[in-house]
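Below is one structure; the comments refer to it alone.
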Amino acid sequence: MTQSTPNVFTAEPARNLGLAIRRGFMERCPNCGKGKLFRAYLKVNARCPNCNEDLSHQRADDAPPYITMLIVGHVIVAGVLAAEDIFPQSPLWLDALIWLWLTLVLSLALLPRVKGALVGYQWALRMHGFGGHEDEM
Ligand SMILES: [Zn+2]
């Protein structure tokens, strides 16, 4: 789908989904790709400081931690199992130190990026008010 293809449901121009997700993952505004998406670690700016796009419609809720846990869990479990094969005699305290630290660092590094990607996804699909009208309750 390109940016110039109209949305068949709303007649509004479609937004580039992949580009918006990539920009969000890089913690940038899904619209311009230049403005910062976050004003704090996980606090999304109400408006883009560069293009003034309204970002207050995002409803990421608890999806970013869920997706982050899904990714980190798969990486860590695979790593632990592979390391156990390669270094079967490694001391337990060393395994715990490495894998717990890696779990923490990976989770904290991925969480805002996953949230940004999700905000980009919602923006590109005009969800939750990003299309100019609020959700019906
Ligand atoms: Zn922007």
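Each chain in the structure tokens gets a letter, A, B and so on, in the order shown; residues start at 1 in every chain, and ligands are counted from 1 in the order they appear.
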Test item: residues lying within 9 Å of ligand 1 with only C-alpha atoms and all ligand atoms, as a list in words: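 For ligand 1, the residues inside 9 Å are Arg28, Cys29, Pro30, Asn31, Cys32, Gly33, Lys34, Gly35, Lys36, Leu37, Arg47, Cys48, Pro49, Asn50, Cys51, Asn52, Glu53, Asp54 and Leu55 of chain A.
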Take the residues from that selection and put them in a file with N, CA, C and O atoms, as a JSON list (two decimals), in the first residue's frame.
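Written out: selection_34.json:
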[["chain", "number", "residue", "atom", "x", "y", "z"],
["A", 28, "ARG", "N", 10.40, 8.08, 16.62],
["A", 28, "ARG", "CA", 10.16, 9.32, 15.88],
["A", 28, "ARG", "C", 8.68, 9.41, 15.51],
["A", 28, "ARG", "O", 7.98, 8.40, 15.48],
["A", 29, "CYS", "N", 8.24, 10.60, 15.20],
["A", 29, "CYS", "CA", 6.86, 10.84, 14.78],
["A", 29, "CYS", "C", 6.54, 9.99, 13.55],
["A", 29, "CYS", "O", 7.32, 9.99, 12.59],
["A", 30, "PRO", "N", 5.41, 9.27, 13.55],
["A", 30, "PRO", "CA", 5.08, 8.44, 12.39],
["A", 30, "PRO", "C", 4.74, 9.27, 11.14],
["A", 30, "PRO", "O", 4.83, 8.77, 10.02],
["A", 31, "ASN", "N", 4.39, 10.51, 11.32],
["A", 31, "ASN", "CA", 4.02, 11.36, 10.19],
["A", 31, "ASN", "C", 5.24, 11.94, 9.48],
["A", 31, "ASN", "O", 5.38, 11.80, 8.27],
["A", 32, "CYS", "N", 6.15, 12.59, 10.22],
["A", 32, "CYS", "CA", 7.28, 13.26, 9.58],
["A", 32, "CYS", "C", 8.60, 12.49, 9.74],
["A", 32, "CYS", "O", 9.53, 12.69, 8.97],
["A", 33, "GLY", "N", 8.69, 11.66, 10.77],
["A", 33, "GLY", "CA", 9.92, 10.89, 10.99],
["A", 33, "GLY", "C", 11.04, 11.70, 11.61],
["A", 33, "GLY", "O", 12.15, 11.19, 11.77],
["A", 34, "LYS", "N", 10.79, 12.96, 11.96],
["A", 34, "LYS", "CA", 11.84, 13.81, 12.52],
["A", 34, "LYS", "C", 11.60, 14.17, 13.98],
["A", 34, "LYS", "O", 12.52, 14.15, 14.79],
["A", 35, "GLY", "N", 10.36, 14.53, 14.31],
["A", 35, "GLY", "CA", 10.05, 14.93, 15.69],
["A", 35, "GLY", "C", 10.12, 13.76, 16.65],
["A", 35, "GLY", "O", 9.87, 12.61, 16.27],
["A", 36, "LYS", "N", 10.48, 14.06, 17.90],
["A", 36, "LYS", "CA", 10.55, 13.00, 18.92],
["A", 36, "LYS", "C", 9.15, 12.53, 19.27],
["A", 36, "LYS", "O", 8.25, 13.35, 19.49],
["A", 37, "LEU", "N", 8.98, 11.21, 19.35],
["A", 37, "LEU", "CA", 7.68, 10.64, 19.69],
["A", 37, "LEU", "C", 7.41, 10.75, 21.19],
["A", 37, "LEU", "O", 6.29, 10.99, 21.61],
["A", 47, "ARG", "N", 1.65, 16.35, 20.80],
["A", 47, "ARG", "CA", 1.81, 16.77, 19.41],
["A", 47, "ARG", "C", 3.27, 16.63, 19.02],
["A", 47, "ARG", "O", 4.15, 16.79, 19.85],
["A", 48, "CYS", "N", 3.51, 16.35, 17.75],
["A", 48, "CYS", "CA", 4.88, 16.23, 17.27],
["A", 48, "CYS", "C", 5.55, 17.61, 17.36],
["A", 48, "CYS", "O", 4.99, 18.59, 16.86],
["A", 49, "PRO", "N", 6.74, 17.71, 17.96],
["A", 49, "PRO", "CA", 7.41, 19.01, 18.05],
["A", 49, "PRO", "C", 7.90, 19.52, 16.69],
["A", 49, "PRO", "O", 8.20, 20.70, 16.56],
["A", 50, "ASN", "N", 7.93, 18.68, 15.69],
["A", 50, "ASN", "CA", 8.40, 19.10, 14.37],
["A", 50, "ASN", "C", 7.24, 19.47, 13.43],
["A", 50, "ASN", "O", 7.22, 20.56, 12.88],
["A", 51, "CYS", "N", 6.26, 18.57, 13.27],
["A", 51, "CYS", "CA", 5.19, 18.80, 12.28],
["A", 51, "CYS", "C", 3.84, 19.10, 12.93],
["A", 51, "CYS", "O", 2.86, 19.32, 12.22],
["A", 52, "ASN", "N", 3.78, 19.08, 14.25],
["A", 52, "ASN", "CA", 2.56, 19.39, 15.01],
["A", 52, "ASN", "C", 1.44, 18.37, 14.80],
["A", 52, "ASN", "O", 0.28, 18.66, 15.07],
["A", 53, "GLU", "N", 1.77, 17.16, 14.32],
["A", 53, "GLU", "CA", 0.76, 16.10, 14.19],
["A", 53, "GLU", "C", 0.23, 15.73, 15.57],
["A", 53, "GLU", "O", 1.00, 15.60, 16.53],
["A", 54, "ASP", "N", -1.09, 15.60, 15.68],
["A", 54, "ASP", "CA", -1.72, 15.24, 16.95],
["A", 54, "ASP", "C", -1.45, 13.76, 17.24],
["A", 54, "ASP", "O", -1.93, 12.89, 16.52],
["A", 55, "LEU", "N", -0.67, 13.49, 18.29],
["A", 55, "LEU", "CA", -0.32, 12.11, 18.66],
["A", 55, "LEU", "C", -1.08, 11.66, 19.90],
["A", 55, "LEU", "O", -0.86, 10.56, 20.40]]
Using only C-alpha atoms: which of A:Arg59, A:Arg126, A:Arg15, A:Lys43 has the shortest distance to A:Leu111: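 The shortest atom-to-atom distance to A:Leu111 comes from A:Lys43.
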Backbone-only DSSP, helix (DSSP H, G or I) members of stretch 1-135 of chain A, as a VMD selection string: chain A and resid 17 to 25 63 to 86 92 to 124
Interatomic distance (Å, one decimal) between atom CA of A:Ala60 and atom CA of A:Ile76: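 So the answer is 24.4 Å.
Non-sequential neighbours of stretch 120-124 of chain A (distance at most 6 Å, separation of 4 or more positions within a chain, only C-alpha atoms) are Arg15, Leu17, Ala20, Ile21, Gly24, Pro30 and Phe130 of chain A.
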Could you dump the residues just selected with N, CA, C and O atoms as a compact mmCIF listing (two decimals), in the first residue's frame?
# COMPACT_ATOMS: atom_id res chain seq x y z
N ARG A 15 -2.10 5.77 4.62
CA ARG A 15 -0.78 6.09 5.16
C ARG A 15 0.11 4.86 5.02
O ARG A 15 -0.38 3.73 5.13
N LEU A 17 2.02 2.07 6.08
CA LEU A 17 2.05 1.33 7.34
C LEU A 17 3.47 0.96 7.76
O LEU A 17 3.87 1.20 8.90
N ALA A 20 5.47 4.02 8.85
CA ALA A 20 5.00 4.55 10.13
C ALA A 20 5.49 3.66 11.28
O ALA A 20 5.92 4.17 12.33
N ILE A 21 5.47 2.35 11.10
CA ILE A 21 5.94 1.43 12.15
C ILE A 21 7.44 1.60 12.35
O ILE A 21 7.93 1.65 13.48
N GLY A 24 8.07 4.86 14.15
CA GLY A 24 7.70 4.71 15.55
C GLY A 24 8.73 3.89 16.30
O GLY A 24 9.10 4.22 17.43
N PRO A 30 5.41 9.27 13.55
CA PRO A 30 5.08 8.44 12.39
C PRO A 30 4.74 9.27 11.14
O PRO A 30 4.83 8.77 10.02
N PHE A 130 -6.98 8.96 15.16
CA PHE A 130 -5.94 9.38 14.22
C PHE A 130 -6.56 9.66 12.84
O PHE A 130 -5.94 10.28 12.00
Chain A: residues DSSP assigns to strand (DSSP E or B), reported as a ChimeraX atom specification: /A:6,13,28,36,38,44,47,54
Nearest residue to A:Leu102 from the set A:Gly18, A:Gly79, A:Gly131, A:Pro13 (distances using only C-alpha atoms):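 Nearest to A:Leu102: A:Gly79.
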